file my_file-v2.cif (mmCIF, C-alpha atoms (C1' of nucleotides))
data_run
loop_
_atom_site.label_atom_id
_atom_site.label_comp_id
_atom_site.auth_asym_id
_atom_site.auth_seq_id
_atom_site.Cartn_x
_atom_site.Cartn_y
_atom_site.Cartn_z
CA MET A 1 -36.22 -201.98 9.59
CA SER A 2 -33.04 -201.55 7.64
CA ASN A 3 -30.25 -199.01 7.33
CA ASN A 4 -32.40 -197.30 4.74
CA GLN A 5 -35.21 -194.77 5.24
CA LEU A 6 -37.11 -196.18 2.26
CA TYR A 7 -38.39 -199.10 4.33
CA ARG A 8 -40.49 -196.76 6.46
CA GLY A 9 -44.16 -197.55 5.95
CA SER A 10 -43.74 -200.95 4.35
CA LEU A 11 -43.62 -203.14 7.46
CA THR A 12 -47.36 -203.77 7.70
CA THR A 13 -47.53 -204.67 4.02
CA ILE A 14 -44.70 -207.17 4.50
CA ILE A 15 -46.35 -208.76 7.53
CA MET A 16 -49.73 -209.06 5.84
CA ARG A 17 -48.29 -210.51 2.64
CA LEU A 18 -46.21 -213.11 4.49
CA LEU A 19 -49.24 -214.18 6.50
CA GLU A 20 -51.27 -214.41 3.30
CA GLN A 21 -48.65 -216.78 1.91
CA GLU A 22 -47.78 -218.80 4.98
CA GLY A 23 -51.14 -218.97 6.73
CA LYS A 24 -49.80 -218.35 10.21
CA MET A 25 -46.49 -217.16 11.61
CA TYR A 26 -45.05 -215.99 14.92
CA GLY A 27 -43.09 -212.79 15.35
CA TYR A 28 -39.58 -214.13 15.49
CA GLU A 29 -40.33 -216.34 12.49
CA ILE A 30 -41.29 -213.28 10.46
CA THR A 31 -37.95 -211.59 11.17
CA GLN A 32 -36.06 -214.72 10.09
CA LYS A 33 -38.15 -215.26 6.97
CA VAL A 34 -37.55 -211.68 5.80
CA LYS A 35 -33.79 -212.01 6.40
CA GLU A 36 -33.79 -215.23 4.39
CA ILE A 37 -35.83 -213.91 1.46
CA THR A 38 -33.73 -210.75 1.15
CA SER A 39 -30.40 -212.49 1.82
CA GLY A 40 -29.87 -210.35 4.89
CA GLY A 41 -30.76 -207.15 3.06
CA MET A 42 -33.67 -206.43 5.36
CA ASP A 43 -33.54 -206.66 9.13
CA ILE A 44 -36.84 -206.19 10.94
CA LYS A 45 -36.27 -204.79 14.42
CA GLU A 46 -38.24 -206.26 17.31
CA GLY A 47 -39.05 -202.75 18.53
CA ALA A 48 -40.88 -202.16 15.24
CA LEU A 49 -42.35 -205.62 14.70
CA TYR A 50 -44.17 -206.29 17.97
CA PRO A 51 -45.97 -202.94 18.17
CA ALA A 52 -46.94 -203.36 14.50
CA LEU A 53 -48.40 -206.82 15.17
CA HIS A 54 -50.33 -205.53 18.18
CA LYS A 55 -51.71 -202.64 16.18
CA LEU A 56 -52.82 -204.86 13.28
CA GLN A 57 -54.50 -207.13 15.78
CA ALA A 58 -56.25 -204.21 17.50
CA GLU A 59 -57.51 -203.05 14.10
CA GLY A 60 -59.01 -206.46 13.45
CA HIS A 61 -56.66 -207.43 10.62
CA LEU A 62 -54.91 -210.20 12.55
CA LYS A 63 -55.92 -212.81 15.08
CA VAL A 64 -53.53 -214.55 17.44
CA GLU A 65 -53.19 -217.96 19.08
CA ALA A 66 -50.55 -218.60 21.74
CA GLU A 67 -48.82 -221.98 21.62
CA LYS A 68 -46.24 -223.50 23.92
CA VAL A 69 -43.34 -225.06 22.02
CA GLU A 70 -40.33 -226.50 23.87
CA ASN A 71 -41.31 -224.63 27.02
CA ARG A 72 -41.33 -221.27 25.22
CA ILE A 73 -44.41 -219.33 24.15
CA ARG A 74 -45.03 -218.56 20.51
CA LYS A 75 -47.78 -216.24 19.37
CA TYR A 76 -49.05 -217.32 15.99
CA TYR A 77 -50.66 -214.59 13.94
CA SER A 78 -52.98 -215.08 10.97
CA LEU A 79 -55.21 -212.87 8.80
CA THR A 80 -58.84 -212.31 9.70
CA PRO A 81 -61.31 -212.10 6.77
CA GLN A 82 -61.08 -208.32 7.11
CA GLY A 83 -57.29 -208.62 7.05
CA GLN A 84 -57.43 -210.63 3.85
CA LYS A 85 -59.38 -207.87 2.13
CA GLU A 86 -56.99 -205.25 3.47
CA THR A 87 -54.01 -207.24 2.18
CA VAL A 88 -55.39 -207.02 -1.35
CA ASN A 89 -55.60 -203.23 -0.98
CA MET A 90 -52.12 -202.96 0.47
CA LEU A 91 -50.58 -204.97 -2.36
CA ALA A 92 -52.40 -202.82 -4.93
CA GLU A 93 -51.03 -199.71 -3.24
CA LEU A 94 -47.53 -201.15 -3.19
CA LYS A 95 -47.77 -201.86 -6.91
CA GLU A 96 -48.94 -198.31 -7.53
CA TYR A 97 -46.13 -196.92 -5.40
CA MET A 98 -43.53 -198.97 -7.28
CA GLU A 99 -44.91 -197.85 -10.65
CA ASN A 100 -44.91 -194.22 -9.57
CA MET A 101 -41.33 -194.45 -8.35
CA GLN A 102 -40.27 -196.16 -11.56
CA ALA A 103 -41.90 -193.41 -13.60
CA ILE A 104 -39.94 -190.79 -11.67
CA ILE A 105 -36.64 -192.64 -11.68
CA ASN A 106 -36.81 -193.90 -15.28
CA PRO A 107 -38.84 -191.35 -17.20
CA LYS A 108 -40.06 -192.35 -20.62
CA LEU A 109 -37.92 -190.59 -23.19
CA ALA A 110 -39.70 -188.50 -25.82
CA TYR A 111 -38.15 -188.91 -29.26
CA MET B 1 -46.87 -187.06 0.22
CA SER B 2 -49.79 -189.21 -0.78
CA ASN B 3 -52.67 -191.03 0.87
CA ASN B 4 -50.31 -193.96 1.32
CA GLN B 5 -47.77 -194.61 4.07
CA LEU B 6 -45.40 -196.27 1.62
CA TYR B 7 -44.20 -192.90 0.37
CA ARG B 8 -42.59 -192.13 3.71
CA GLY B 9 -38.84 -191.92 3.28
CA SER B 10 -38.77 -191.55 -0.50
CA LEU B 11 -39.15 -187.77 -0.81
CA THR B 12 -35.42 -186.96 -0.72
CA THR B 13 -34.70 -189.61 -3.35
CA ILE B 14 -37.38 -188.11 -5.58
CA ILE B 15 -36.03 -184.58 -5.18
CA MET B 16 -32.43 -185.61 -5.86
CA ARG B 17 -33.35 -187.67 -8.91
CA LEU B 18 -35.44 -184.90 -10.45
CA LEU B 19 -32.64 -182.40 -9.93
CA GLU B 20 -30.19 -184.85 -11.49
CA GLN B 21 -32.42 -184.98 -14.56
CA GLU B 22 -33.52 -181.38 -14.81
CA GLY B 23 -30.40 -179.56 -13.62
CA LYS B 24 -32.26 -177.02 -11.51
CA MET B 25 -35.80 -176.70 -10.22
CA TYR B 26 -37.75 -174.61 -7.72
CA GLY B 27 -39.97 -176.06 -5.04
CA TYR B 28 -43.36 -175.49 -6.59
CA GLU B 29 -42.05 -176.83 -9.89
CA ILE B 30 -41.08 -180.10 -8.19
CA THR B 31 -44.61 -180.61 -6.83
CA GLN B 32 -46.10 -180.03 -10.29
CA LYS B 33 -43.59 -182.25 -12.07
CA VAL B 34 -44.29 -185.15 -9.71
CA LYS B 35 -48.05 -184.75 -10.18
CA GLU B 36 -47.54 -184.76 -13.94
CA ILE B 37 -45.25 -187.80 -14.05
CA THR B 38 -47.51 -189.87 -11.80
CA SER B 39 -50.78 -188.64 -13.36
CA GLY B 40 -51.85 -187.18 -10.04
CA GLY B 41 -50.97 -190.36 -8.13
CA MET B 42 -48.44 -188.56 -5.98
CA ASP B 43 -49.06 -185.24 -4.28
CA ILE B 44 -46.07 -183.70 -2.52
CA LYS B 45 -47.21 -181.53 0.38
CA GLU B 46 -45.52 -178.17 0.89
CA GLY B 47 -45.15 -178.91 4.60
CA ALA B 48 -42.94 -181.86 3.67
CA LEU B 49 -41.17 -180.41 0.64
CA TYR B 50 -39.74 -177.16 1.99
CA PRO B 51 -38.23 -178.61 5.17
CA ALA B 52 -36.76 -181.44 3.06
CA LEU B 53 -35.15 -178.96 0.66
CA HIS B 54 -33.74 -176.93 3.55
CA LYS B 55 -32.30 -180.04 5.15
CA LEU B 56 -30.67 -181.27 1.93
CA GLN B 57 -29.17 -177.82 1.52
CA ALA B 58 -27.89 -177.76 5.11
CA GLU B 59 -26.28 -181.16 4.50
CA GLY B 60 -24.46 -179.82 1.48
CA HIS B 61 -26.33 -181.89 -1.10
CA LEU B 62 -28.12 -178.94 -2.70
CA LYS B 63 -27.25 -175.34 -3.51
CA VAL B 64 -29.81 -172.60 -4.07
CA GLU B 65 -30.09 -169.43 -6.16
CA ALA B 66 -32.99 -167.03 -5.70
CA GLU B 67 -34.45 -165.50 -8.83
CA LYS B 68 -37.18 -162.92 -9.30
CA VAL B 69 -39.68 -163.93 -11.98
CA GLU B 70 -42.77 -161.80 -12.63
CA ASN B 71 -42.33 -160.02 -9.32
CA ARG B 72 -42.35 -163.33 -7.40
CA ILE B 73 -39.32 -165.04 -5.90
CA ARG B 74 -38.30 -168.50 -7.02
CA LYS B 75 -35.61 -170.48 -5.27
CA TYR B 76 -33.84 -172.69 -7.75
CA TYR B 77 -32.17 -175.76 -6.28
CA SER B 78 -29.45 -177.86 -7.91
CA LEU B 79 -27.13 -180.70 -6.85
CA THR B 80 -23.70 -179.96 -5.43
CA PRO B 81 -20.88 -182.36 -6.43
CA GLN B 82 -21.44 -184.06 -3.08
CA GLY B 83 -25.16 -184.23 -3.85
CA GLN B 84 -24.44 -185.91 -7.19
CA LYS B 85 -22.51 -188.67 -5.46
CA GLU B 86 -25.24 -189.06 -2.86
CA THR B 87 -27.87 -189.34 -5.61
CA VAL B 88 -26.05 -192.36 -7.05
CA ASN B 89 -26.16 -194.01 -3.62
CA MET B 90 -29.83 -193.17 -3.10
CA LEU B 91 -30.83 -194.64 -6.45
CA ALA B 92 -28.86 -197.81 -5.71
CA GLU B 93 -30.65 -198.11 -2.38
CA LEU B 94 -34.02 -197.56 -4.04
CA LYS B 95 -33.23 -200.33 -6.52
CA GLU B 96 -32.26 -202.64 -3.67
CA TYR B 97 -35.43 -201.76 -1.76
CA MET B 98 -37.59 -202.48 -4.80
CA GLU B 99 -35.88 -205.82 -5.39
CA ASN B 100 -36.29 -206.80 -1.75
CA MET B 101 -39.97 -205.90 -1.79
CA GLN B 102 -40.47 -207.81 -5.04
CA ALA B 103 -38.78 -210.85 -3.51
CA ILE B 104 -41.17 -210.74 -0.56
CA ILE B 105 -44.29 -210.01 -2.56
CA ASN B 106 -43.58 -212.37 -5.47
CA PRO B 107 -41.53 -215.22 -4.05
CA LYS B 108 -39.82 -217.50 -6.52
CA LEU B 109 -41.77 -220.75 -6.65
CA ALA B 110 -39.85 -223.96 -6.02
CA TYR B 111 -40.92 -226.76 -8.38
"C1'" DA C 1 -64.54 -154.09 -7.62
"C1'" DT C 2 -63.72 -158.03 -5.20
"C1'" DT C 3 -63.72 -162.89 -4.72
"C1'" DG C 4 -61.46 -167.20 -5.74
"C1'" DT C 5 -57.63 -169.73 -7.80
"C1'" DT C 6 -52.91 -170.32 -8.94
"C1'" DT C 7 -48.25 -169.44 -8.09
"C1'" DA C 8 -44.48 -169.37 -4.54
"C1'" DC C 9 -42.45 -169.32 -0.38
"C1'" DA C 10 -42.41 -170.68 4.95
"C1'" DT C 11 -43.16 -172.72 9.68
"C1'" DA C 12 -45.48 -174.92 13.80
"C1'" DA C 13 -48.24 -178.63 16.07
"C1'" DG C 14 -49.32 -183.14 16.06
"C1'" DA C 15 -49.36 -188.08 14.07
"C1'" DT C 16 -47.00 -192.12 12.60
"C1'" DT C 17 -43.34 -195.17 12.16
"C1'" DC C 18 -39.22 -196.30 13.05
"C1'" DT C 19 -34.34 -197.16 16.03
"C1'" DT C 20 -32.07 -197.91 20.15
"C1'" DA C 21 -32.06 -199.52 24.60
"C1'" DT C 22 -33.69 -202.31 28.00
"C1'" DG C 23 -36.12 -206.13 30.26
"C1'" DT C 24 -37.72 -211.14 31.04
"C1'" DA C 25 -37.04 -216.05 30.20
"C1'" DT C 26 -35.60 -220.60 28.20
"C1'" DA C 27 -32.53 -223.55 25.22
"C1'" DT C 28 -28.32 -224.51 23.06
"C1'" DT C 29 -23.52 -224.10 21.92
"C1'" DA C 30 -18.65 -223.04 23.09
"C1'" DT D 1 -20.42 -220.99 32.69
"C1'" DA D 2 -20.53 -217.66 29.39
"C1'" DA D 3 -22.27 -216.47 24.97
"C1'" DT D 4 -25.62 -217.01 21.45
"C1'" DA D 5 -30.17 -218.06 19.74
"C1'" DT D 6 -34.97 -218.17 20.51
"C1'" DA D 7 -39.20 -215.55 21.90
"C1'" DC D 8 -41.77 -212.13 23.77
"C1'" DA D 9 -42.43 -206.94 25.33
"C1'" DT D 10 -42.16 -201.79 26.11
"C1'" DA D 11 -40.28 -196.95 26.64
"C1'" DA D 12 -37.59 -192.89 25.01
"C1'" DG D 13 -36.24 -190.46 21.35
"C1'" DA D 14 -35.45 -189.59 16.15
"C1'" DA D 15 -37.15 -188.92 11.55
"C1'" DT D 16 -40.61 -187.98 8.32
"C1'" DC D 17 -44.76 -186.91 7.27
"C1'" DT D 18 -49.91 -184.29 7.42
"C1'" DT D 19 -52.65 -180.55 8.57
"C1'" DA D 20 -53.13 -175.94 9.47
"C1'" DT D 21 -51.76 -171.46 9.04
"C1'" DG D 22 -49.36 -167.39 7.27
"C1'" DT D 23 -47.49 -163.96 3.65
"C1'" DA D 24 -47.73 -162.14 -0.99
"C1'" DA D 25 -48.38 -161.44 -5.89
"C1'" DA D 26 -50.82 -162.60 -10.50
"C1'" DC D 27 -54.88 -163.71 -12.87
"C1'" DA D 28 -59.58 -165.13 -13.87
"C1'" DA D 29 -64.43 -164.67 -12.94
"C1'" DT D 30 -68.60 -162.51 -11.33
#

call {"tool": "encode", "arguments": {"input": "my_file-v2.cif", "output": "structure tokens"}}
result
Amino acid sequence: MSNNQLYRGSLTTIIMRLLEQEGKMYGYEITQKVKEITSGGMDIKEGALYPALHKLQAEGHLKVEAEKVENRIRKYYSLTPQGQKETVNMLAELKEYMENMQAIINPKLAY
Amino acid sequence: MSNNQLYRGSLTTIIMRLLEQEGKMYGYEITQKVKEITSGGMDIKEGALYPALHKLQAEGHLKVEAEKVENRIRKYYSLTPQGQKETVNMLAELKEYMENMQAIINPKLAY
DNA sequence: ATTGTTTACATAAGATTCTTATGTATATTA
DNA sequence: TAATATACATAAGAATCTTATGTAAACAAT
């Protein structure tokens, strides 16, 4: 996803959160949105994105509608009700992860 | 490392940072320290830890000294000069990762 | 006495998630 | 007309993890 191993495991959380915000998005749009938000700091690879979308769909977290725009096909993904619940969990786990990492990196000093 | 996929990729950063703080530690000590700091939220598996330590050592980031304590062997790891430099990079990348994830999760609202 | 838990190391098989490479196809810019 | 951007997809291989298993000593409990 980026030049950095830390991004491993966070792709599904990113996808779900963006869909929660935007309602529906197609794959290529997700890659561009992430580049924009992170000022180029994150680069989602197609080889990671499309299998991840298919897997989330197979698990029932996403639904898809194909649409033809300017003679090209776009596949718009959006959260199912189950996916909305799962997004809440994922964001809670991300918060927990961030707090744990902060605690390790910046330990509270004992005076 | 935990029940959560997000932890993938962060183990080496955790190890390097703890060694930067503590000077030297042995494997089992690292697992206990992380449990303590995160109040049990993170659980480093031995099957992940020991290969990670061996790899960091092979790459020249860590050096090791074996010590016999109460008839049991402990392998104390510490940062090499090269490992100290690499730790600075890793922490910078972690900071960047956290900022990127924050930007995605909590987008700045446009008024 | 011996069973279970903790301390302390290690590795192998398999799962998951990613990168890199490749493929198809259309639209737009140089 | 060649390159770039848009838009999808998959396969091979790399990296990192979990689970399972193994050795071995110390200590607590029954």

call {"tool": "closest_atom_pairs", "arguments": {"input": "my_file-v2.cif", "of": "chain B", "to": "chain C", "cutoff": "10 Å", "atoms": "all atoms listed in the file", "output": "Markdown table"}}
result
| residue | atom | partner | partner_atom | distance |
| --- | --- | --- | --- | --- |
| B:Gln5 | CA | C:DT16 | C1' | 8.9 |
| B:Arg8 | CA | C:DT17 | C1' | 9.0 |
| B:Tyr26 | CA | C:DA8 | C1' | 9.1 |
| B:Gly27 | CA | C:DA8 | C1' | 8.1 |
| B:Tyr28 | CA | C:DA8 | C1' | 6.6 |
| B:Glu29 | CA | C:DA8 | C1' | 9.5 |
| B:Glu46 | CA | C:DA10 | C1' | 9.1 |
| B:Gly47 | CA | C:DT11 | C1' | 8.3 |
| B:Tyr50 | CA | C:DA10 | C1' | 7.6 |
| B:Pro51 | CA | C:DT11 | C1' | 8.9 |
| B:Arg72 | CA | C:DA8 | C1' | 7.0 |
| B:Ile73 | CA | C:DA8 | C1' | 6.9 |
| B:Arg74 | CA | C:DA8 | C1' | 6.7 |
| B:Lys75 | CA | C:DC9 | C1' | 8.5 |

call {"tool": "atom_distance", "arguments": {"input": "my_file-v2.cif", "atom1": "atom CA of A:Lys55", "atom2": "atom CA of A:Leu91"}}
result
18.7 Å

call {"tool": "residues_around", "arguments": {"input": "my_file-v2.cif", "residues": "B:Val34", "least_positions_apart": "2", "cutoff": "10 Å", "atoms": "all atoms listed in the file", "output": "list of chain:residue names"}}
result
A:Asn100, A:Met101, A:Ala103, A:Ile104, B:Ile14, B:Ile15, B:Leu18, B:Glu29, B:Ile30, B:Thr31, B:Gln32, B:Glu36, B:Ile37, B:Thr38, B:Ser39, B:Gly40, B:Gly41, B:Met42, B:Asp43, B:Ile44

call {"tool": "interface_residues", "arguments": {"input": "my_file-v2.cif", "of": "chain D", "to": "chain A", "cutoff": "8 Å", "atoms": "all atoms listed in the file", "output": "VMD selection string"}}
result
chain D and resid 6 to 9

call {"tool": "axis_aligned_box", "arguments": {"input": "my_file-v2.cif", "around": "stretch 11-16 of chain C", "padding_each_side": "6 Å", "output": "JSON"}}
result
{"center_x": -46.3, "center_y": -182.4, "center_z": 12.9, "size_x": 18.2, "size_y": 31.4, "size_z": 18.4}

call {"tool": "atom_distance", "arguments": {"input": "my_file-v2.cif", "atom1": "atom CA of A:Ser78", "atom2": "atom CA of A:Gly9"}}
result
20.3 Å

call {"tool": "closest_residue", "arguments": {"input": "my_file-v2.cif", "among": "B:Val88, B:Asn4, B:Ser10, B:Lys24", "to": "B:Lys63", "atoms": "all atoms listed in the file"}}
result
B:Lys24

call {"tool": "atom_distance", "arguments": {"input": "my_file-v2.cif", "atom1": "atom CA of B:Met1", "atom2": "atom CA of A:Tyr7"}}
result
15.3 Å

call {"tool": "closest_residue", "arguments": {"input": "my_file-v2.cif", "among": "B:Met25, B:Lys33, B:Leu79, B:Lys45", "to": "chain A", "atoms": "only C-alpha atoms"}}
result
B:Lys33

call {"tool": "closest_residue", "arguments": {"input": "my_file-v2.cif", "among": "B:Lys68, B:His61, B:Lys85, B:Lys108", "to": "chain A", "atoms": "all atoms listed in the file"}}
result
B:Lys108

call {"tool": "closest_residue", "arguments": {"input": "my_file-v2.cif", "among": "B:Thr80, B:Asn71, B:Gln57, B:Thr87", "to": "chain A", "atoms": "all atoms listed in the file"}}
result
B:Thr87

call {"tool": "closest_residue", "arguments": {"input": "my_file-v2.cif", "among": "A:Ala52, A:Met98, A:Ala58, A:Leu19", "to": "chain B", "atoms": "only C-alpha atoms"}}
result
A:Met98

call {"tool": "closest_residue", "arguments": {"input": "my_file-v2.cif", "among": "B:Arg17, B:His54, B:Lys95, B:Lys35", "to": "chain A", "atoms": "all atoms listed in the file"}}
result
B:Arg17

call {"tool": "resolve_selection", "arguments": {"input": "my_file-v2.cif", "expression": "the PyMOL selection byres ((chain A and resi 65) around 8)", "output": "short mmCIF file (atom, residue, chain, number, x, y, z; two decimals) with C-alpha atoms, in the coordinates of the input"}}
result
data_model
loop_
_atom_site.label_atom_id
_atom_site.label_comp_id
_atom_site.auth_asym_id
_atom_site.auth_seq_id
_atom_site.Cartn_x
_atom_site.Cartn_y
_atom_site.Cartn_z
CA LYS A 63 -55.92 -212.81 15.08
CA VAL A 64 -53.53 -214.55 17.44
CA ALA A 66 -50.55 -218.60 21.74
CA GLU A 67 -48.82 -221.98 21.62
CA LYS A 75 -47.78 -216.24 19.37
CA TYR A 76 -49.05 -217.32 15.99
CA TYR A 77 -50.66 -214.59 13.94
#

call {"tool": "build_atoms", "arguments": {"input": "my_file-v2.cif", "residues": "stretch 66-86 of chain A", "atoms": "N, CA and C atoms", "output": "PDB file, keeping the file's coordinate frame"}}
result
ATOM      1  N   ALA A  66     -51.805-218.284  21.046  1.00  0.00           N
ATOM      2  CA  ALA A  66     -50.550-218.600  21.740  1.00  0.00           C
ATOM      3  C   ALA A  66     -50.367-220.121  21.770  1.00  0.00           C
ATOM      4  N   GLU A  67     -49.132-220.550  21.630  1.00  0.00           N
ATOM      5  CA  GLU A  67     -48.820-221.980  21.620  1.00  0.00           C
ATOM      6  C   GLU A  67     -47.510-222.188  22.367  1.00  0.00           C
ATOM      7  N   LYS A  68     -47.465-223.244  23.164  1.00  0.00           N
ATOM      8  CA  LYS A  68     -46.240-223.500  23.920  1.00  0.00           C
ATOM      9  C   LYS A  68     -45.416-224.554  23.180  1.00  0.00           C
ATOM     10  N   VAL A  69     -44.218-224.157  22.751  1.00  0.00           N
ATOM     11  CA  VAL A  69     -43.340-225.060  22.020  1.00  0.00           C
ATOM     12  C   VAL A  69     -41.997-225.114  22.731  1.00  0.00           C
ATOM     13  N   GLU A  70     -41.599-226.318  23.147  1.00  0.00           N
ATOM     14  CA  GLU A  70     -40.330-226.500  23.870  1.00  0.00           C
ATOM     15  C   GLU A  70     -40.204-225.544  25.053  1.00  0.00           C
ATOM     16  N   ASN A  71     -41.287-225.458  25.808  1.00  0.00           N
ATOM     17  CA  ASN A  71     -41.310-224.630  27.020  1.00  0.00           C
ATOM     18  C   ASN A  71     -41.241-223.123  26.791  1.00  0.00           C
ATOM     19  N   ARG A  72     -41.287-222.709  25.524  1.00  0.00           N
ATOM     20  CA  ARG A  72     -41.330-221.270  25.220  1.00  0.00           C
ATOM     21  C   ARG A  72     -42.651-220.944  24.530  1.00  0.00           C
ATOM     22  N   ILE A  73     -43.139-219.731  24.766  1.00  0.00           N
ATOM     23  CA  ILE A  73     -44.410-219.330  24.150  1.00  0.00           C
ATOM     24  C   ILE A  73     -44.180-218.726  22.775  1.00  0.00           C
ATOM     25  N   ARG A  74     -44.981-219.183  21.826  1.00  0.00           N
ATOM     26  CA  ARG A  74     -45.030-218.560  20.510  1.00  0.00           C
ATOM     27  C   ARG A  74     -46.420-217.992  20.308  1.00  0.00           C
ATOM     28  N   LYS A  75     -46.477-216.804  19.702  1.00  0.00           N
ATOM     29  CA  LYS A  75     -47.780-216.240  19.370  1.00  0.00           C
ATOM     30  C   LYS A  75     -47.952-216.249  17.870  1.00  0.00           C
ATOM     31  N   TYR A  76     -48.799-217.171  17.431  1.00  0.00           N
ATOM     32  CA  TYR A  76     -49.050-217.320  15.990  1.00  0.00           C
ATOM     33  C   TYR A  76     -50.102-216.329  15.526  1.00  0.00           C
ATOM     34  N   TYR A  77     -49.736-215.557  14.521  1.00  0.00           N
ATOM     35  CA  TYR A  77     -50.660-214.590  13.940  1.00  0.00           C
ATOM     36  C   TYR A  77     -51.161-215.090  12.584  1.00  0.00           C
ATOM     37  N   SER A  78     -52.420-214.769  12.287  1.00  0.00           N
ATOM     38  CA  SER A  78     -52.980-215.080  10.970  1.00  0.00           C
ATOM     39  C   SER A  78     -53.987-213.994  10.583  1.00  0.00           C
ATOM     40  N   LEU A  79     -54.296-213.905   9.311  1.00  0.00           N
ATOM     41  CA  LEU A  79     -55.210-212.870   8.800  1.00  0.00           C
ATOM     42  C   LEU A  79     -56.650-213.189   9.167  1.00  0.00           C
ATOM     43  N   THR A  80     -57.391-212.197   9.589  1.00  0.00           N
ATOM     44  CA  THR A  80     -58.840-212.310   9.700  1.00  0.00           C
ATOM     45  C   THR A  80     -59.416-212.103   8.290  1.00  0.00           C
ATOM     46  N   PRO A  81     -60.697-212.391   8.084  1.00  0.00           N
ATOM     47  CA  PRO A  81     -61.310-212.100   6.770  1.00  0.00           C
ATOM     48  C   PRO A  81     -61.120-210.634   6.388  1.00  0.00           C
ATOM     49  N   GLN A  82     -61.305-209.745   7.342  1.00  0.00           N
ATOM     50  CA  GLN A  82     -61.080-208.320   7.110  1.00  0.00           C
ATOM     51  C   GLN A  82     -59.625-208.059   6.694  1.00  0.00           C
ATOM     52  N   GLY A  83     -58.700-208.764   7.365  1.00  0.00           N
ATOM     53  CA  GLY A  83     -57.290-208.620   7.050  1.00  0.00           C
ATOM     54  C   GLY A  83     -56.946-209.109   5.649  1.00  0.00           C
ATOM     55  N   GLN A  84     -57.663-210.127   5.200  1.00  0.00           N
ATOM     56  CA  GLN A  84     -57.430-210.630   3.850  1.00  0.00           C
ATOM     57  C   GLN A  84     -57.815-209.593   2.799  1.00  0.00           C
ATOM     58  N   LYS A  85     -58.962-208.946   3.051  1.00  0.00           N
ATOM     59  CA  LYS A  85     -59.380-207.870   2.130  1.00  0.00           C
ATOM     60  C   LYS A  85     -58.364-206.738   2.131  1.00  0.00           C
ATOM     61  N   GLU A  86     -57.933-206.361   3.331  1.00  0.00           N
ATOM     62  CA  GLU A  86     -56.990-205.250   3.470  1.00  0.00           C
ATOM     63  C   GLU A  86     -55.659-205.577   2.804  1.00  0.00           C
TER      64      GLU A  86
END
